[in-house]
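This is start-v3.tsv. It holds TSV, C-alpha atoms and all ligand atoms.
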chain	number	residue	atom	x	y	z
G	5	MET	CA	0.00	0.00	0.00
G	6	LEU	CA	1.24	3.49	-0.86
G	7	HIS	CA	1.58	5.99	1.94
G	8	SER	CA	2.94	9.51	2.05
G	9	ALA	CA	6.65	10.22	2.33
G	10	LEU	CA	6.02	11.44	5.87
G	11	ILE	CA	4.41	8.14	6.95
G	12	ASN	CA	7.23	6.21	5.28
G	13	VAL	CA	9.79	8.14	7.35
G	14	MET	CA	7.90	7.41	10.56
G	15	VAL	CA	7.37	3.72	9.75
G	16	LYS	CA	11.03	3.20	8.85
G	17	ALA	CA	12.16	4.77	12.12
G	18	ALA	CA	9.63	2.73	14.15
G	19	ARG	CA	10.65	-0.53	12.48
G	20	ARG	CA	14.39	0.05	13.05
G	21	ALA	CA	13.93	0.93	16.72
G	22	GLY	CA	11.43	-1.94	16.99
G	23	ARG	CA	14.01	-4.48	15.82
G	24	GLY	CA	16.23	-3.36	18.72
G	25	LEU	CA	13.41	-3.67	21.26
G	26	LYS	CA	12.47	-7.12	20.00
G	27	ARG	CA	16.06	-8.31	20.46
G	28	ASP	CA	16.08	-6.76	23.93
G	29	LEU	CA	12.83	-8.55	24.81
G	30	GLY	CA	14.59	-11.87	24.16
G	31	GLU	CA	17.39	-10.84	26.53
G	32	ILE	CA	14.91	-9.87	29.25
G	33	GLU	CA	13.60	-13.39	29.41
G	34	HIS	CA	17.10	-14.45	30.60
G	35	LEU	CA	17.50	-11.54	33.02
G	36	GLN	CA	14.12	-12.21	34.63
G	37	VAL	CA	15.61	-14.92	36.86
G	38	SER	CA	18.34	-12.68	38.31
G	39	LEU	CA	17.70	-11.09	41.71
G	40	LYS	CA	17.90	-7.51	40.43
G	41	GLY	CA	15.78	-8.31	37.42
G	42	PRO	CA	16.12	-6.55	34.08
G	43	ALA	CA	15.26	-2.97	35.27
G	44	ASN	CA	18.59	-1.33	34.35
G	45	PHE	CA	18.73	-3.22	31.09
G	46	VAL	CA	15.24	-1.99	30.19
G	47	SER	CA	16.01	1.60	30.95
G	48	LEU	CA	19.05	1.33	28.64
G	49	ALA	CA	16.91	-0.30	25.92
G	50	ASP	CA	14.43	2.52	26.26
G	51	LYS	CA	17.09	5.24	25.87
G	52	ARG	CA	18.73	3.44	22.96
G	53	ALA	CA	15.38	3.22	21.15
G	54	GLU	CA	14.75	6.94	21.65
G	55	GLU	CA	18.22	7.86	20.34
G	56	MET	CA	17.64	5.71	17.26
G	57	LEU	CA	14.26	7.35	16.64
G	58	TYR	CA	15.70	10.84	17.10
G	59	GLU	CA	18.55	10.05	14.73
G	60	ASP	CA	16.26	8.76	11.96
G	61	LEU	CA	13.56	11.43	12.33
G	62	ALA	CA	16.04	14.33	12.58
G	63	LYS	CA	17.91	13.06	9.53
G	64	ALA	CA	14.74	12.81	7.43
G	65	ARG	CA	13.22	16.09	8.65
G	66	PRO	CA	16.03	18.36	9.85
G	67	GLY	CA	14.86	21.26	11.96
G	68	TYR	CA	11.73	19.66	13.43
G	69	GLY	CA	11.49	19.86	17.22
G	70	PHE	CA	11.46	16.64	19.28
G	71	ILE	CA	9.72	15.75	22.53
G	72	GLY	CA	10.63	12.29	23.81
G	73	GLU	CA	9.89	10.51	27.05
G	74	GLU	CA	13.55	9.80	27.76
G	75	GLY	CA	15.51	12.76	26.38
G	76	GLY	CA	13.15	15.61	27.11
G	77	THR	CA	12.61	18.43	24.65
G	78	ARG	CA	14.96	19.25	21.79
G	79	GLU	CA	14.13	22.52	20.11
G	80	GLY	CA	14.29	22.70	16.33
G	81	SER	CA	14.72	25.61	13.94
G	82	ASP	CA	11.28	24.83	12.46
G	83	LYS	CA	8.98	26.02	15.24
G	84	SER	CA	5.77	24.71	13.72
G	85	HIS	CA	6.69	20.98	13.54
G	86	THR	CA	7.34	18.76	16.57
G	87	TRP	CA	7.77	14.99	16.90
G	88	ILE	CA	6.13	13.57	20.02
G	89	VAL	CA	7.75	10.23	20.73
G	90	ASP	CA	7.41	7.43	23.25
G	91	PRO	CA	10.21	4.96	22.42
G	92	LEU	CA	8.73	2.30	24.71
G	93	ASP	CA	5.14	2.64	25.82
G	94	GLY	CA	4.15	-0.13	28.20
G	95	THR	CA	7.53	-0.24	29.94
G	96	THR	CA	6.24	-2.33	32.82
G	97	ASN	CA	4.91	-4.96	30.40
G	98	PHE	CA	8.24	-5.00	28.54
G	99	LEU	CA	10.13	-5.36	31.80
G	100	HIS	CA	8.07	-8.44	32.63
G	101	GLY	CA	8.32	-9.96	29.16
G	102	ILE	CA	4.64	-9.27	28.41
G	103	PRO	CA	4.39	-8.58	24.66
G	104	GLN	CA	2.02	-5.58	24.98
G	105	PHE	CA	4.25	-2.55	24.36
G	106	ALA	CA	4.85	-0.16	21.48
G	107	ILE	CA	6.82	2.60	19.90
G	108	SER	CA	4.60	5.64	19.47
G	109	ILE	CA	5.48	8.49	17.10
G	110	ALA	CA	3.29	11.51	16.38
G	111	LEU	CA	3.95	14.63	14.35
G	112	LYS	CA	2.39	17.88	15.49
G	113	ARG	CA	2.04	20.87	13.17
G	114	ASP	CA	1.33	23.98	15.24
G	115	ASP	CA	-1.36	22.71	17.61
G	116	THR	CA	-2.62	19.79	15.55
G	117	VAL	CA	-1.36	16.23	15.37
G	118	ILE	CA	-1.17	15.45	11.64
G	119	ALA	CA	0.27	11.92	11.66
G	120	GLY	CA	0.75	8.98	14.01
G	121	VAL	CA	2.49	5.63	13.95
G	122	ILE	CA	2.23	2.99	16.68
G	123	TYR	CA	4.29	-0.18	16.31
G	124	ASN	CA	4.35	-3.28	18.50
G	125	PRO	CA	7.47	-5.19	17.41
G	126	ALA	CA	6.49	-8.24	19.48
G	127	ASN	CA	3.58	-9.13	17.17
G	128	ASP	CA	4.54	-6.89	14.24
G	129	GLU	CA	1.31	-4.86	14.41
G	130	LEU	CA	1.81	-1.50	12.74
G	131	TYR	CA	-0.83	1.20	13.08
G	132	ILE	CA	-0.66	4.36	10.99
G	133	ALA	CA	-2.88	7.42	10.66
G	134	GLU	CA	-2.66	10.65	8.77
G	135	ARG	CA	-5.00	13.59	9.14
G	136	GLY	CA	-7.83	13.35	6.62
G	137	LYS	CA	-6.51	10.08	5.15
G	138	GLY	CA	-7.77	7.46	7.60
G	139	ALA	CA	-6.08	4.94	9.87
G	140	PHE	CA	-4.70	1.50	9.05
G	141	LEU	CA	-3.47	-1.63	10.82
G	142	ASN	CA	-0.98	-3.45	8.61
G	143	ASP	CA	-2.66	-1.81	5.61
G	144	GLN	CA	-6.23	-2.70	6.66
G	145	ARG	CA	-8.44	0.37	6.95
G	146	LEU	CA	-9.66	0.86	10.53
G	147	ARG	CA	-13.08	1.74	11.82
G	148	VAL	CA	-14.20	2.06	15.46
G	149	ALA	CA	-16.77	-0.45	16.71
G	150	GLY	CA	-20.39	0.53	16.21
G	151	ARG	CA	-22.00	-0.78	19.44
G	152	ARG	CA	-24.65	1.43	20.97
G	153	GLN	CA	-25.49	-0.59	24.09
G	154	LEU	CA	-23.03	-0.05	26.91
G	155	ASN	CA	-23.84	-3.45	28.36
G	156	GLU	CA	-22.41	-5.06	25.19
G	157	CYS	CA	-19.19	-3.04	25.30
G	158	VAL	CA	-15.65	-4.04	26.30
G	159	VAL	CA	-13.88	-1.04	27.76
G	160	ALA	CA	-10.25	-0.64	28.82
G	161	CYS	CA	-8.88	1.59	31.53
G	162	GLY	CA	-5.54	2.48	33.06
G	163	LEU	CA	-4.89	1.86	36.76
G	164	PRO	CA	-3.03	4.66	38.54
G	165	HIS	CA	0.47	3.55	39.53
G	166	ILE	CA	1.89	3.25	43.02
G	167	GLY	CA	2.35	6.71	44.51
G	168	ARG	CA	0.58	8.37	41.55
G	169	GLY	CA	-2.90	9.68	40.86
G	170	ASP	CA	-6.02	9.29	42.97
G	171	HIS	CA	-6.53	5.59	43.66
G	172	ALA	CA	-9.85	6.06	45.50
G	173	LEU	CA	-11.29	8.13	42.64
G	174	PHE	CA	-10.20	5.46	40.17
G	175	ARG	CA	-11.95	2.74	42.18
G	176	THR	CA	-15.18	4.76	42.21
G	177	GLU	CA	-14.94	5.32	38.44
G	178	MET	CA	-14.21	1.66	37.89
G	179	THR	CA	-17.16	0.54	40.01
G	180	GLU	CA	-19.57	2.79	38.10
G	181	ILE	CA	-18.33	1.67	34.70
G	182	GLN	CA	-18.02	-1.98	35.71
G	183	ASN	CA	-21.72	-1.89	36.61
G	184	ARG	CA	-22.64	-0.79	33.10
G	185	VAL	CA	-20.37	-2.59	30.61
G	186	ALA	CA	-19.94	-6.18	29.42
G	187	GLY	CA	-16.27	-6.31	30.41
G	188	LEU	CA	-13.36	-4.21	31.65
G	189	ARG	CA	-9.72	-4.65	30.56
G	190	ARG	CA	-6.38	-3.23	31.69
G	191	PHE	CA	-3.55	-3.81	29.21
G	192	GLY	CA	-0.92	-1.32	30.42
G	193	ALA	CA	0.16	0.49	27.24
G	194	ALA	CA	-1.91	3.61	26.54
G	195	SER	CA	-0.90	3.95	22.88
G	196	LEU	CA	-2.11	0.39	22.17
G	197	ASP	CA	-5.33	0.87	24.13
G	198	LEU	CA	-6.10	3.80	21.82
G	199	ALA	CA	-5.03	1.77	18.77
G	200	PHE	CA	-7.34	-1.07	19.89
G	201	VAL	CA	-10.25	1.37	20.08
G	202	ALA	CA	-9.37	2.58	16.55
G	203	ALA	CA	-9.36	-1.06	15.40
G	204	GLY	CA	-12.79	-1.75	16.93
G	205	ARG	CA	-11.32	-4.36	19.31
G	206	LEU	CA	-12.24	-2.21	22.29
G	207	ASP	CA	-15.40	-0.13	22.43
G	208	GLY	CA	-13.91	2.48	24.71
G	209	TYR	CA	-11.01	3.45	26.96
G	210	TRP	CA	-10.29	5.97	29.68
G	211	GLU	CA	-7.23	6.82	31.77
G	212	ARG	CA	-5.95	9.72	33.86
G	213	ASN	CA	-2.52	11.27	34.36
G	214	LEU	CA	-0.92	10.35	31.07
G	215	GLN	CA	1.69	12.31	29.13
G	216	ALA	CA	1.37	13.77	25.62
G	217	TRP	CA	3.65	11.04	24.18
G	218	ASP	CA	1.33	8.31	25.51
G	219	ILE	CA	-1.68	9.83	23.72
G	220	ALA	CA	-0.64	11.84	20.63
G	221	ALA	CA	-0.37	9.05	18.02
G	222	GLY	CA	-3.30	7.08	19.49
G	223	GLN	CA	-5.56	10.12	19.42
G	224	ILE	CA	-5.23	10.65	15.68
G	225	MET	CA	-5.59	6.87	15.20
G	226	VAL	CA	-9.01	6.90	16.93
G	227	ARG	CA	-10.18	10.10	15.22
G	228	GLU	CA	-9.19	8.87	11.75
G	229	SER	CA	-11.15	5.68	12.50
G	230	GLY	CA	-14.29	7.71	13.16
G	231	GLY	CA	-14.05	7.77	16.96
G	232	ILE	CA	-14.16	10.60	19.49
G	233	VAL	CA	-11.30	11.44	21.87
G	234	SER	CA	-11.44	14.07	24.58
G	235	GLY	CA	-10.25	14.87	28.06
G	236	LEU	CA	-12.47	14.00	31.02
G	237	GLU	CA	-14.15	17.41	31.06
G	238	GLY	CA	-15.46	16.74	27.57
G	239	HIS	CA	-14.32	19.98	25.98
G	240	ASP	CA	-10.71	19.81	27.15
G	241	ASN	CA	-7.68	18.58	25.29
G	242	ALA	CA	-6.42	15.14	26.33
G	243	LEU	CA	-2.93	16.03	25.10
G	244	THR	CA	-2.59	18.90	27.53
G	245	THR	CA	-4.55	17.53	30.50
G	246	GLY	CA	-3.21	13.95	30.25
G	247	ASN	CA	-6.72	12.60	30.93
G	248	VAL	CA	-8.39	10.73	28.10
G	249	VAL	CA	-11.71	9.11	27.23
G	250	CYS	CA	-12.63	7.70	23.83
G	251	GLY	CA	-14.95	5.46	21.84
G	252	ASN	CA	-17.51	5.84	19.10
G	253	GLU	CA	-19.72	8.91	19.47
G	254	TYR	CA	-22.24	7.05	21.64
G	255	VAL	CA	-19.77	5.17	23.87
G	256	HIS	CA	-17.60	8.27	24.34
G	257	GLY	CA	-20.67	10.25	25.39
G	258	GLU	CA	-21.88	7.59	27.84
G	259	LEU	CA	-18.45	7.05	29.43
G	260	LEU	CA	-17.96	10.79	29.77
G	261	LYS	CA	-21.34	11.16	31.47
G	262	ILE	CA	-20.48	8.47	34.03
G	263	LEU	CA	-16.97	9.82	34.67
G	264	LYS	CA	-18.20	13.39	35.07
G	265	ALA	CA	-20.86	12.32	37.56
G	266	VAL	CA	-18.16	10.60	39.65
G	267	GLY	CA	-15.35	13.19	39.37
Q	301	LIG	P1	5.06	4.01	29.92
Q	301	LIG	O1	5.02	2.55	29.89
Q	301	LIG	O2	5.74	4.64	28.73
Q	301	LIG	O3	5.52	4.59	31.23
Q	301	LIG	C1	-0.19	2.43	31.64
Q	301	LIG	O4	-1.25	2.73	32.44
Q	301	LIG	C2	0.21	3.63	30.83
Q	301	LIG	O5	0.58	4.70	31.70
Q	301	LIG	C3	1.40	3.37	29.95
Q	301	LIG	O6	1.12	3.88	28.68
Q	301	LIG	C4	2.54	4.07	30.64
Q	301	LIG	O7	3.54	4.52	29.77
Q	301	LIG	C5	1.84	5.24	31.28
Q	301	LIG	N1	2.50	5.83	32.43
Q	301	LIG	C6	2.48	7.14	32.73
Q	301	LIG	N2	3.11	7.38	33.89
Q	301	LIG	C7	3.56	6.20	34.35
Q	301	LIG	C8	4.30	5.78	35.52
Q	301	LIG	N3	4.69	6.65	36.44
Q	301	LIG	N4	4.59	4.48	35.65
Q	301	LIG	C9	4.21	3.58	34.72
Q	301	LIG	N5	3.49	3.93	33.63
Q	301	LIG	C10	3.17	5.21	33.42
Q	302	CA	CA	4.34	5.89	27.70
As structure tokens, the full file:
Amino acid sequence: MLHSALINVMVKAARRAGRGLKRDLGEIEHLQVSLKGPANFVSLADKRAEEMLYEDLAKARPGYGFIGEEGGTREGSDKSHTWIVDPLDGTTNFLHGIPQFAISIALKRDDTVIAGVIYNPANDELYIAERGKGAFLNDQRLRVAGRRQLNECVVACGLPHIGRGDHALFRTEMTEIQNRVAGLRRFGAASLDLAFVAAGRLDGYWERNLQAWDIAAGQIMVRESGGIVSGLEGHDNALTTGNVVCGNEYVHGELLKILKAVG
């Protein structure tokens, strides 16, 4: 399938960094048995992947700014374009050898994300989206699920981590939503949760306290698949607040109503 030059640049970078992560995943399985575990190894793998991505993206589009989870912000001469990159989303999964993690790359032009690529090297699933051109999983056009009965929906969430977020609030939200949906899931990689909503595998997803690099590529993926993404206030921007809720128009609306009533 033919994609734009921009998408080709992003896919090439994701695949190269992905090959490294896949090799590293094999190594982790050995390190798992050691007392210290693979934590230091993973943090190195993470940094190496980000350096690789920066190298490839900066070479192909010199001057673009870069925001990465590991290296922080690198200003570019072109102030209107910024890469937003998570070299390893789902770090905890990766650390435990659970093959639910991804490289997430988004390109922002001024205040709008115009392209996104999410790649899970463990199962070779590649998601791409470009503004106005749709979203694809391994070249299959994506469309969000069409369910309009909450009690038939499978919805994913993110659990706040130890020492982070409001655990009590999350439990209240979870109870309310659990009472209304067919099933709840918690996969642990925000970019893939969003990609799964885009692919119609999940009917909805919500999570608080994320970072822009967890959400940026997934947001355009869902929108280009016909879904709705917002913050938890409904009119706010998930990229700036770090809180996200999504689904088809109906599911998004219902989840938002429940979450607003709780929060
Ligand atoms: P990460 O794996 O890149 O850290 C899981 O709920 C999601 O939350 C993941 O996408 C994870 O991204 C993100 N996340 C944000 N802050 C985190 C933290 N302090 N610890 C672990 N995951 C975090
Ligand atoms: Ca992340």
Which chains and residue numbers are within 7 Å of ligand LIG 301 (chain Q), counting only C-alpha atoms and all ligand atoms, if I want them as a list in words? Asp90, Leu92, Asp93, Gly94, Thr95, Thr96, Gly162, Leu163, Pro164, His165, Arg168, Gly192, Ala193, Ala194, Ser195, Asn213, Leu214, Gln215 and Asp218 of chain G
Next, write the just-selected residues to a file, as a CSV table (one decimal), in the coordinates of the input, keeping C-alpha atoms as the atom set.
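Output (part_27.csv):
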chain,number,residue,atom,x,y,z
G,90,ASP,CA,7.4,7.4,23.2
G,92,LEU,CA,8.7,2.3,24.7
G,93,ASP,CA,5.1,2.6,25.8
G,94,GLY,CA,4.2,-0.1,28.2
G,95,THR,CA,7.5,-0.2,29.9
G,96,THR,CA,6.2,-2.3,32.8
G,162,GLY,CA,-5.5,2.5,33.1
G,163,LEU,CA,-4.9,1.9,36.8
G,164,PRO,CA,-3.0,4.7,38.5
G,165,HIS,CA,0.5,3.6,39.5
G,168,ARG,CA,0.6,8.4,41.6
G,192,GLY,CA,-0.9,-1.3,30.4
G,193,ALA,CA,0.2,0.5,27.2
G,194,ALA,CA,-1.9,3.6,26.5
G,195,SER,CA,-0.9,4.0,22.9
G,213,ASN,CA,-2.5,11.3,34.4
G,214,LEU,CA,-0.9,10.4,31.1
G,215,GLN,CA,1.7,12.3,29.1
G,218,ASP,CA,1.3,8.3,25.5
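Excluding Gly24 in chain G and any residue on its chain fewer than 5 positions from it, the residues at most 12 Å away by only C-alpha atoms are Ala17, Ala18, Arg19, Leu29, Gly30, Glu31, Val46, Leu48, Ala49, Asp50, Lys51, Arg52, Ala53, Glu54, Glu55, Met56, Leu57, Pro91, Leu92, Ile107, Asn124, Pro125 and Ala126 of chain G.
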If we count only C-alpha atoms, what is near range 226-236 of chain G at a cut-off of 9 Å, once residues fewer than 3 positions away on the same chain are taken out, given as a ChimeraX atom specification? /G:133-140,145-149,198-204,210-212,221-223,239-253,255-257,260,263-264,267
Pick from G:Lys63, G:Thr179, G:Ser84, G:Phe105, whichever lies nearest to ligand CA 302 (chain Q) using only C-alpha atoms and all ligand atoms: G:Phe105
Which is closer to ligand CA 302 (chain Q) than all the others in G:Ala64, G:Glu74, G:Leu35, G:Gly150, using all atoms listed in the file?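 Closest residue, counting all atoms listed in the file: G:Glu74.
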